[in-house]
Amino acid sequence: MKTLIKSLLLFAFLGCFVACNNSAKSSENTNQITTNDASNKKTGQAFIKDEGGVPNALQLAIQSEDHTTLVAAVQAAGVENALVNVGPLTVFAPNNEAFAKIDEATLNDLLKPENKSKLALILTNHVAPSNFPVEMLKKNAEKNRKLYMASGEYVEVTKQDGDLYVGGTKIIATVNVSNGWVHIIEDVILPKN
């Protein structure tokens, strides 16, 4: 009888040991999967859900049917966070028609992962890390001042026939956003370098 009880206890102990060991391995696998999933998630201000209030520059672009190509380019370049920083910043946002003026093969090539840095340079050439409402742009045009862009380049602001141009492209609309200004433009502003 004692042998039977010892055998049953030994069997129960081994059963618990195996079950605990499998549970620990399962927990390790779950932690590994969770860690891998977390590393694949995008982080930063651009990925925080904000249902209320005035939209920031990126939220405005996402909501606009006329800026789907811009949003795709921003996502391909991974520069979403640059458009949601507290600011102030000024974004010169090319609409879909502006991107349509670029050769389709060139545009598709820019959207490839291996050209991410080149695309990021082009997109940051549309962001001025400062507050430039229309009146300030007019003053810059009158004084022949250039705007410093996040790409490290400078673009010229001019006024022709009552219209404002930045980097040689016409500003066709302006929207105040929570982190600055978005000026809709007719062309993509390509960096000189």
# chains A, B, ... in the order shown; residues from 1 in each chain; ligands from 1
call {"tool": "residues_around", "arguments": {"residues": "range 94-109 of chain A", "least_positions_apart": "5", "cutoff": "9 Å", "atoms": "only C-alpha atoms", "output": "MDAnalysis selection string"}}
result
chainID A and resid 65:70 114:115 126 183:189
call {"tool": "write_last_selection", "arguments": {"atoms": "N, CA and C atoms", "output": "PDB file, in the first residue's frame"}}
result
ATOM      1  N   GLU A  65      -9.287  63.678 -49.290  1.00  0.00           N
ATOM      2  CA  GLU A  65      -9.280  62.817 -50.477  1.00  0.00           C
ATOM      3  C   GLU A  65      -8.280  63.311 -51.520  1.00  0.00           C
ATOM      4  N   ASP A  66      -7.905  64.578 -51.440  1.00  0.00           N
ATOM      5  CA  ASP A  66      -6.970  65.165 -52.404  1.00  0.00           C
ATOM      6  C   ASP A  66      -5.504  64.952 -52.032  1.00  0.00           C
ATOM      7  N   HIS A  67      -5.250  64.246 -50.921  1.00  0.00           N
ATOM      8  CA  HIS A  67      -3.866  64.067 -50.475  1.00  0.00           C
ATOM      9  C   HIS A  67      -3.518  62.602 -50.192  1.00  0.00           C
ATOM     10  N   THR A  68      -4.177  61.686 -50.873  1.00  0.00           N
ATOM     11  CA  THR A  68      -3.910  60.257 -50.645  1.00  0.00           C
ATOM     12  C   THR A  68      -2.499  59.861 -51.064  1.00  0.00           C
ATOM     13  N   THR A  69      -1.985  60.453 -52.134  1.00  0.00           N
ATOM     14  CA  THR A  69      -0.623  60.139 -52.572  1.00  0.00           C
ATOM     15  C   THR A  69       0.388  60.675 -51.569  1.00  0.00           C
ATOM     16  N   LEU A  70       0.153  61.861 -51.044  1.00  0.00           N
ATOM     17  CA  LEU A  70       1.031  62.435 -50.025  1.00  0.00           C
ATOM     18  C   LEU A  70       1.060  61.539 -48.789  1.00  0.00           C
ATOM     19  N   GLU A 114      13.810  50.599 -50.593  1.00  0.00           N
ATOM     20  CA  GLU A 114      15.230  50.951 -50.734  1.00  0.00           C
ATOM     21  C   GLU A 114      15.446  52.441 -51.011  1.00  0.00           C
ATOM     22  N   ASN A 115      14.390  53.166 -51.355  1.00  0.00           N
ATOM     23  CA  ASN A 115      14.498  54.603 -51.615  1.00  0.00           C
ATOM     24  C   ASN A 115      13.869  55.443 -50.507  1.00  0.00           C
ATOM     25  N   HIS A 126       9.263  69.802 -47.724  1.00  0.00           N
ATOM     26  CA  HIS A 126       7.949  70.450 -47.725  1.00  0.00           C
ATOM     27  C   HIS A 126       7.533  70.906 -46.325  1.00  0.00           C
ATOM     28  N   HIS A 183      -0.268  74.593 -46.136  1.00  0.00           N
ATOM     29  CA  HIS A 183      -0.531  75.321 -47.376  1.00  0.00           C
ATOM     30  C   HIS A 183      -0.568  74.281 -48.495  1.00  0.00           C
ATOM     31  N   ILE A 184      -1.683  74.218 -49.199  1.00  0.00           N
ATOM     32  CA  ILE A 184      -1.836  73.269 -50.303  1.00  0.00           C
ATOM     33  C   ILE A 184      -1.137  73.862 -51.524  1.00  0.00           C
ATOM     34  N   ILE A 185      -0.296  73.060 -52.178  1.00  0.00           N
ATOM     35  CA  ILE A 185       0.465  73.553 -53.326  1.00  0.00           C
ATOM     36  C   ILE A 185       0.219  72.684 -54.559  1.00  0.00           C
ATOM     37  N   GLU A 186       0.518  73.264 -55.728  1.00  0.00           N
ATOM     38  CA  GLU A 186       0.222  72.621 -57.018  1.00  0.00           C
ATOM     39  C   GLU A 186       1.311  71.683 -57.529  1.00  0.00           C
ATOM     40  N   ASP A 187       2.516  71.756 -56.968  1.00  0.00           N
ATOM     41  CA  ASP A 187       3.628  70.938 -57.455  1.00  0.00           C
ATOM     42  C   ASP A 187       4.415  70.389 -56.272  1.00  0.00           C
ATOM     43  N   VAL A 188       5.183  69.356 -56.530  1.00  0.00           N
ATOM     44  CA  VAL A 188       6.100  68.815 -55.537  1.00  0.00           C
ATOM     45  C   VAL A 188       7.369  69.661 -55.579  1.00  0.00           C
ATOM     46  N   ILE A 189       7.846  70.072 -54.406  1.00  0.00           N
ATOM     47  CA  ILE A 189       9.064  70.885 -54.312  1.00  0.00           C
ATOM     48  C   ILE A 189      10.245  69.930 -54.167  1.00  0.00           C
TER      49      ILE A 189
END
call {"tool": "select_by_dssp", "arguments": {"residues": "range 119-182 of chain A", "states": "strand (DSSP E or B)", "output": "ChimeraX atom specification"}}
result
/A:127-128,146-148,154-160,163-166,169-177,180-182
call {"tool": "residues_around", "arguments": {"residues": "range 146-162 of chain A", "least_positions_apart": "2", "cutoff": "9 Å", "atoms": "only C-alpha atoms", "output": "list of chain:residue names"}}
result
A:Ala120, A:Leu121, A:Ile122, A:Leu123, A:Thr124, A:Asn125, A:His126, A:Val127, A:Ala128, A:Pro129, A:Ser130, A:Leu137, A:Lys138, A:Asn140, A:Ala141, A:Glu142, A:Asn144, A:Leu164, A:Tyr165, A:Val166, A:Gly167, A:Gly168, A:Ile189, A:Pro191, A:Lys192, A:Asn193
call {"tool": "select_by_dssp", "arguments": {"residues": "range 54-189 of chain A", "states": "alpha helix (DSSP H)", "output": "mmCIF file with N, CA, C and O atoms, in the first residue's frame"}}
result
data_model
loop_
_atom_site.group_PDB
_atom_site.id
_atom_site.type_symbol
_atom_site.label_atom_id
_atom_site.label_comp_id
_atom_site.auth_asym_id
_atom_site.auth_seq_id
_atom_site.Cartn_x
_atom_site.Cartn_y
_atom_site.Cartn_z
ATOM 1 N N ALA A 57 -1.324 68.363 -38.759
ATOM 2 C CA ALA A 57 -1.049 68.341 -40.203
ATOM 3 C C ALA A 57 -1.258 66.950 -40.815
ATOM 4 O O ALA A 57 -1.838 66.821 -41.893
ATOM 5 N N LEU A 58 -0.805 65.918 -40.124
ATOM 6 C CA LEU A 58 -0.964 64.561 -40.658
ATOM 7 C C LEU A 58 -2.425 64.137 -40.667
ATOM 8 O O LEU A 58 -2.909 63.580 -41.656
ATOM 9 N N GLN A 59 -3.146 64.408 -39.589
ATOM 10 C CA GLN A 59 -4.563 64.049 -39.532
ATOM 11 C C GLN A 59 -5.349 64.748 -40.644
ATOM 12 O O GLN A 59 -6.239 64.148 -41.252
ATOM 13 N N LEU A 60 -5.015 66.002 -40.902
ATOM 14 C CA LEU A 60 -5.684 66.734 -41.980
ATOM 15 C C LEU A 60 -5.441 66.061 -43.328
ATOM 16 O O LEU A 60 -6.368 65.865 -44.110
ATOM 17 N N ALA A 61 -4.192 65.676 -43.584
ATOM 18 C CA ALA A 61 -3.862 65.006 -44.851
ATOM 19 C C ALA A 61 -4.587 63.670 -44.974
ATOM 20 O O ALA A 61 -5.107 63.329 -46.042
ATOM 21 N N ILE A 62 -4.645 62.922 -43.880
ATOM 22 C CA ILE A 62 -5.322 61.623 -43.904
ATOM 23 C C ILE A 62 -6.808 61.800 -44.197
ATOM 24 O O ILE A 62 -7.410 60.986 -44.914
ATOM 25 N N GLN A 63 -7.403 62.857 -43.695
ATOM 26 C CA GLN A 63 -8.831 63.116 -43.895
ATOM 27 C C GLN A 63 -9.146 63.656 -45.288
ATOM 28 O O GLN A 63 -10.301 63.660 -45.705
ATOM 29 N N THR A 68 -4.177 61.686 -50.873
ATOM 30 C CA THR A 68 -3.910 60.257 -50.645
ATOM 31 C C THR A 68 -2.499 59.861 -51.064
ATOM 32 O O THR A 68 -1.871 59.033 -50.411
ATOM 33 N N THR A 69 -1.985 60.453 -52.134
ATOM 34 C CA THR A 69 -0.623 60.139 -52.572
ATOM 35 C C THR A 69 0.388 60.675 -51.569
ATOM 36 O O THR A 69 1.376 59.997 -51.242
ATOM 37 N N LEU A 70 0.153 61.861 -51.044
ATOM 38 C CA LEU A 70 1.031 62.435 -50.025
ATOM 39 C C LEU A 70 1.060 61.539 -48.789
ATOM 40 O O LEU A 70 2.131 61.234 -48.256
ATOM 41 N N VAL A 71 -0.100 61.085 -48.342
ATOM 42 C CA VAL A 71 -0.170 60.225 -47.160
ATOM 43 C C VAL A 71 0.578 58.916 -47.418
ATOM 44 O O VAL A 71 1.345 58.450 -46.574
ATOM 45 N N ALA A 72 0.394 58.331 -48.598
ATOM 46 C CA ALA A 72 1.108 57.088 -48.944
ATOM 47 C C ALA A 72 2.618 57.307 -48.938
ATOM 48 O O ALA A 72 3.380 56.464 -48.451
ATOM 49 N N ALA A 73 3.053 58.443 -49.441
ATOM 50 C CA ALA A 73 4.483 58.761 -49.475
ATOM 51 C C ALA A 73 5.025 58.971 -48.060
ATOM 52 O O ALA A 73 6.111 58.486 -47.728
ATOM 53 N N VAL A 74 4.282 59.679 -47.229
ATOM 54 C CA VAL A 74 4.691 59.917 -45.838
ATOM 55 C C VAL A 74 4.833 58.591 -45.102
ATOM 56 O O VAL A 74 5.800 58.362 -44.373
ATOM 57 N N GLN A 75 3.880 57.693 -45.320
ATOM 58 C CA GLN A 75 3.935 56.382 -44.666
ATOM 59 C C GLN A 75 5.084 55.540 -45.213
ATOM 60 O O GLN A 75 5.783 54.871 -44.451
ATOM 61 N N ALA A 76 5.311 55.582 -46.510
ATOM 62 C CA ALA A 76 6.411 54.815 -47.111
ATOM 63 C C ALA A 76 7.765 55.307 -46.616
ATOM 64 O O ALA A 76 8.685 54.518 -46.415
ATOM 65 N N ALA A 77 7.875 56.614 -46.400
ATOM 66 C CA ALA A 77 9.141 57.188 -45.920
ATOM 67 C C ALA A 77 9.289 57.088 -44.401
ATOM 68 O O ALA A 77 10.372 57.298 -43.869
ATOM 69 N N ASN A 96 -2.878 65.496 -54.877
ATOM 70 C CA ASN A 96 -2.723 64.348 -55.782
ATOM 71 C C ASN A 96 -2.354 64.789 -57.195
ATOM 72 O O ASN A 96 -1.568 64.120 -57.873
ATOM 73 N N GLU A 97 -2.908 65.916 -57.647
ATOM 74 C CA GLU A 97 -2.596 66.421 -58.993
ATOM 75 C C GLU A 97 -1.118 66.791 -59.104
ATOM 76 O O GLU A 97 -0.507 66.609 -60.156
ATOM 77 N N ALA A 98 -0.543 67.292 -58.021
ATOM 78 C CA ALA A 98 0.885 67.633 -58.024
ATOM 79 C C ALA A 98 1.727 66.380 -58.200
ATOM 80 O O ALA A 98 2.679 66.363 -58.988
ATOM 81 N N PHE A 99 1.376 65.324 -57.483
ATOM 82 C CA PHE A 99 2.116 64.067 -57.618
ATOM 83 C C PHE A 99 1.888 63.433 -58.986
ATOM 84 O O PHE A 99 2.768 62.754 -59.509
ATOM 85 N N ALA A 100 0.725 63.675 -59.583
ATOM 86 C CA ALA A 100 0.431 63.120 -60.908
ATOM 87 C C ALA A 100 1.319 63.734 -61.990
ATOM 88 O O ALA A 100 1.506 63.136 -63.050
ATOM 89 N N GLU A 104 5.135 58.442 -63.529
ATOM 90 C CA GLU A 104 4.632 57.345 -62.694
ATOM 91 C C GLU A 104 5.730 56.362 -62.292
ATOM 92 O O GLU A 104 5.783 55.901 -61.147
ATOM 93 N N ALA A 105 6.635 56.069 -63.211
ATOM 94 C CA ALA A 105 7.732 55.147 -62.897
ATOM 95 C C ALA A 105 8.639 55.734 -61.815
ATOM 96 O O ALA A 105 9.072 55.027 -60.900
ATOM 97 N N THR A 106 8.906 57.037 -61.902
ATOM 98 C CA THR A 106 9.737 57.706 -60.895
ATOM 99 C C THR A 106 9.050 57.683 -59.543
ATOM 100 O O THR A 106 9.679 57.386 -58.515
ATOM 101 N N LEU A 107 7.755 57.987 -59.526
ATOM 102 C CA LEU A 107 6.998 57.989 -58.277
ATOM 103 C C LEU A 107 6.965 56.596 -57.661
ATOM 104 O O LEU A 107 7.211 56.435 -56.461
ATOM 105 N N ASN A 108 6.700 55.574 -58.463
ATOM 106 C CA ASN A 108 6.684 54.195 -57.955
ATOM 107 C C ASN A 108 8.052 53.791 -57.425
ATOM 108 O O ASN A 108 8.156 53.085 -56.423
ATOM 109 N N ASP A 109 9.114 54.250 -58.089
ATOM 110 C CA ASP A 109 10.466 53.946 -57.649
ATOM 111 C C ASP A 109 10.745 54.594 -56.287
ATOM 112 O O ASP A 109 11.369 53.986 -55.417
ATOM 113 N N LEU A 110 10.281 55.825 -56.102
ATOM 114 C CA LEU A 110 10.479 56.525 -54.829
ATOM 115 C C LEU A 110 9.757 55.836 -53.673
ATOM 116 O O LEU A 110 10.202 55.914 -52.529
ATOM 117 N N LYS A 116 13.706 54.835 -49.346
ATOM 118 C CA LYS A 116 13.064 55.488 -48.207
ATOM 119 C C LYS A 116 13.750 56.798 -47.822
ATOM 120 O O LYS A 116 13.094 57.808 -47.589
ATOM 121 N N SER A 117 15.080 56.822 -47.792
ATOM 122 C CA SER A 117 15.787 58.040 -47.376
ATOM 123 C C SER A 117 15.645 59.147 -48.413
ATOM 124 O O SER A 117 15.525 60.325 -48.067
ATOM 125 N N LYS A 118 15.650 58.793 -49.689
ATOM 126 C CA LYS A 118 15.473 59.787 -50.751
ATOM 127 C C LYS A 118 14.071 60.395 -50.672
ATOM 128 O O LYS A 118 13.894 61.613 -50.779
ATOM 129 N N LEU A 119 13.070 59.537 -50.448
ATOM 130 C CA LEU A 119 11.696 60.006 -50.324
ATOM 131 C C LEU A 119 11.541 60.883 -49.086
ATOM 132 O O LEU A 119 10.881 61.929 -49.135
ATOM 133 N N ALA A 120 12.174 60.485 -47.995
ATOM 134 C CA ALA A 120 12.107 61.282 -46.755
ATOM 135 C C ALA A 120 12.700 62.668 -46.979
ATOM 136 O O ALA A 120 12.158 63.668 -46.495
ATOM 137 N N LEU A 121 13.801 62.760 -47.727
ATOM 138 C CA LEU A 121 14.415 64.059 -48.024
ATOM 139 C C LEU A 121 13.444 64.935 -48.820
ATOM 140 O O LEU A 121 13.274 66.114 -48.517
ATOM 141 N N ILE A 122 12.808 64.356 -49.820
ATOM 142 C CA ILE A 122 11.842 65.120 -50.630
ATOM 143 C C ILE A 122 10.691 65.615 -49.760
ATOM 144 O O ILE A 122 10.280 66.774 -49.846
ATOM 145 N N LEU A 123 10.163 64.736 -48.909
ATOM 146 C CA LEU A 123 9.020 65.119 -48.076
ATOM 147 C C LEU A 123 9.387 66.152 -47.021
ATOM 148 O O LEU A 123 8.617 67.084 -46.771
ATOM 149 N N THR A 124 10.558 66.017 -46.397
ATOM 150 C CA THR A 124 10.956 67.016 -45.400
ATOM 151 C C THR A 124 11.293 68.353 -46.056
ATOM 152 O O THR A 124 11.348 69.374 -45.370
ATOM 153 N N VAL A 134 -0.163 82.934 -43.864
ATOM 154 C CA VAL A 134 -0.114 83.649 -45.140
ATOM 155 C C VAL A 134 0.526 85.032 -44.993
ATOM 156 O O VAL A 134 1.365 85.417 -45.814
ATOM 157 N N GLU A 135 0.146 85.769 -43.966
ATOM 158 C CA GLU A 135 0.697 87.127 -43.792
ATOM 159 C C GLU A 135 2.217 87.103 -43.615
ATOM 160 O O GLU A 135 2.919 87.959 -44.143
ATOM 161 N N MET A 136 2.714 86.106 -42.892
ATOM 162 C CA MET A 136 4.160 85.984 -42.694
ATOM 163 C C MET A 136 4.844 85.617 -44.008
ATOM 164 O O MET A 136 5.936 86.109 -44.313
ATOM 165 N N LEU A 137 4.209 84.764 -44.798
ATOM 166 C CA LEU A 137 4.770 84.408 -46.108
ATOM 167 C C LEU A 137 4.843 85.634 -47.013
ATOM 168 O O LEU A 137 5.821 85.828 -47.741
ATOM 169 N N LYS A 138 3.805 86.475 -46.965
ATOM 170 C CA LYS A 138 3.798 87.701 -47.775
ATOM 171 C C LYS A 138 4.967 88.608 -47.384
ATOM 172 O O LYS A 138 5.644 89.169 -48.245
ATOM 173 N N LYS A 139 5.218 88.737 -46.067
ATOM 174 C CA LYS A 139 6.331 89.565 -45.596
ATOM 175 C C LYS A 139 7.671 88.986 -46.051
ATOM 176 O O LYS A 139 8.574 89.728 -46.441
ATOM 177 N N ASN A 140 7.793 87.671 -46.001
ATOM 178 C CA ASN A 140 9.029 87.031 -46.469
ATOM 179 C C ASN A 140 9.235 87.269 -47.958
ATOM 180 O O ASN A 140 10.359 87.489 -48.406
ATOM 181 N N ALA A 141 8.151 87.231 -48.723
ATOM 182 C CA ALA A 141 8.250 87.479 -50.169
ATOM 183 C C ALA A 141 8.688 88.913 -50.433
ATOM 184 O O ALA A 141 9.557 89.165 -51.279
ATOM 185 N N GLU A 142 8.103 89.868 -49.701
ATOM 186 C CA GLU A 142 8.453 91.284 -49.870
ATOM 187 C C GLU A 142 9.917 91.548 -49.529
ATOM 188 O O GLU A 142 10.562 92.394 -50.146
#
call {"tool": "atom_distance", "arguments": {"atom1": "CA of Ala93 in chain A", "atom2": "CA of Ser178 in chain A"}}
result
15.6 Å
call {"tool": "residues_around", "arguments": {"residues": "Trp181 in chain A", "least_positions_apart": "5", "cutoff": "6 Å", "atoms": "only C-alpha atoms", "output": "list in words"}}
result
Thr90, Val175 and Asn176 of chain A
call {"tool": "write_last_selection", "arguments": {"atoms": "all heavy atoms", "output": "PDB file, in the first residue's frame"}}
result
ATOM      1  N   THR A  90       5.141  74.431 -40.502  1.00  0.00           N
ATOM      2  CA  THR A  90       4.372  74.775 -41.694  1.00  0.00           C
ATOM      3  C   THR A  90       4.627  73.696 -42.731  1.00  0.00           C
ATOM      4  O   THR A  90       5.783  73.401 -43.041  1.00  0.00           O
ATOM      5  CB  THR A  90       4.785  76.160 -42.240  1.00  0.00           C
ATOM      6  OG1 THR A  90       4.599  77.130 -41.195  1.00  0.00           O
ATOM      7  CG2 THR A  90       3.954  76.546 -43.453  1.00  0.00           C
ATOM      8  N   VAL A 175      -4.770  76.063 -44.534  1.00  0.00           N
ATOM      9  CA  VAL A 175      -5.575  75.563 -43.418  1.00  0.00           C
ATOM     10  C   VAL A 175      -4.750  75.670 -42.138  1.00  0.00           C
ATOM     11  O   VAL A 175      -3.593  75.254 -42.104  1.00  0.00           O
ATOM     12  CB  VAL A 175      -5.984  74.079 -43.634  1.00  0.00           C
ATOM     13  CG1 VAL A 175      -6.836  73.573 -42.479  1.00  0.00           C
ATOM     14  CG2 VAL A 175      -6.706  73.892 -44.958  1.00  0.00           C
ATOM     15  N   ASN A 176      -5.367  76.242 -41.100  1.00  0.00           N
ATOM     16  CA  ASN A 176      -4.729  76.293 -39.784  1.00  0.00           C
ATOM     17  C   ASN A 176      -4.979  74.951 -39.091  1.00  0.00           C
ATOM     18  O   ASN A 176      -6.105  74.478 -39.048  1.00  0.00           O
ATOM     19  CB  ASN A 176      -5.330  77.442 -38.978  1.00  0.00           C
ATOM     20  CG  ASN A 176      -4.625  77.664 -37.649  1.00  0.00           C
ATOM     21  OD1 ASN A 176      -5.269  77.906 -36.647  1.00  0.00           O
ATOM     22  ND2 ASN A 176      -3.314  77.597 -37.629  1.00  0.00           N
TER      23      ASN A 176
END
call {"tool": "atom_distance", "arguments": {"atom1": "CA of Leu89 in chain A", "atom2": "CA of Lys112 in chain A"}}
result
27.2 Å
call {"tool": "atom_distance", "arguments": {"atom1": "CA of Pro113 in chain A", "atom2": "CA of Val79 in chain A"}}
result
13.1 Å
call {"tool": "closest_residue", "arguments": {"among": "A:Ala173, A:Arg145, A:Phe92, A:Leu111", "to": "Leu190 in chain A", "atoms": "only C-alpha atoms"}}
result
A:Phe92
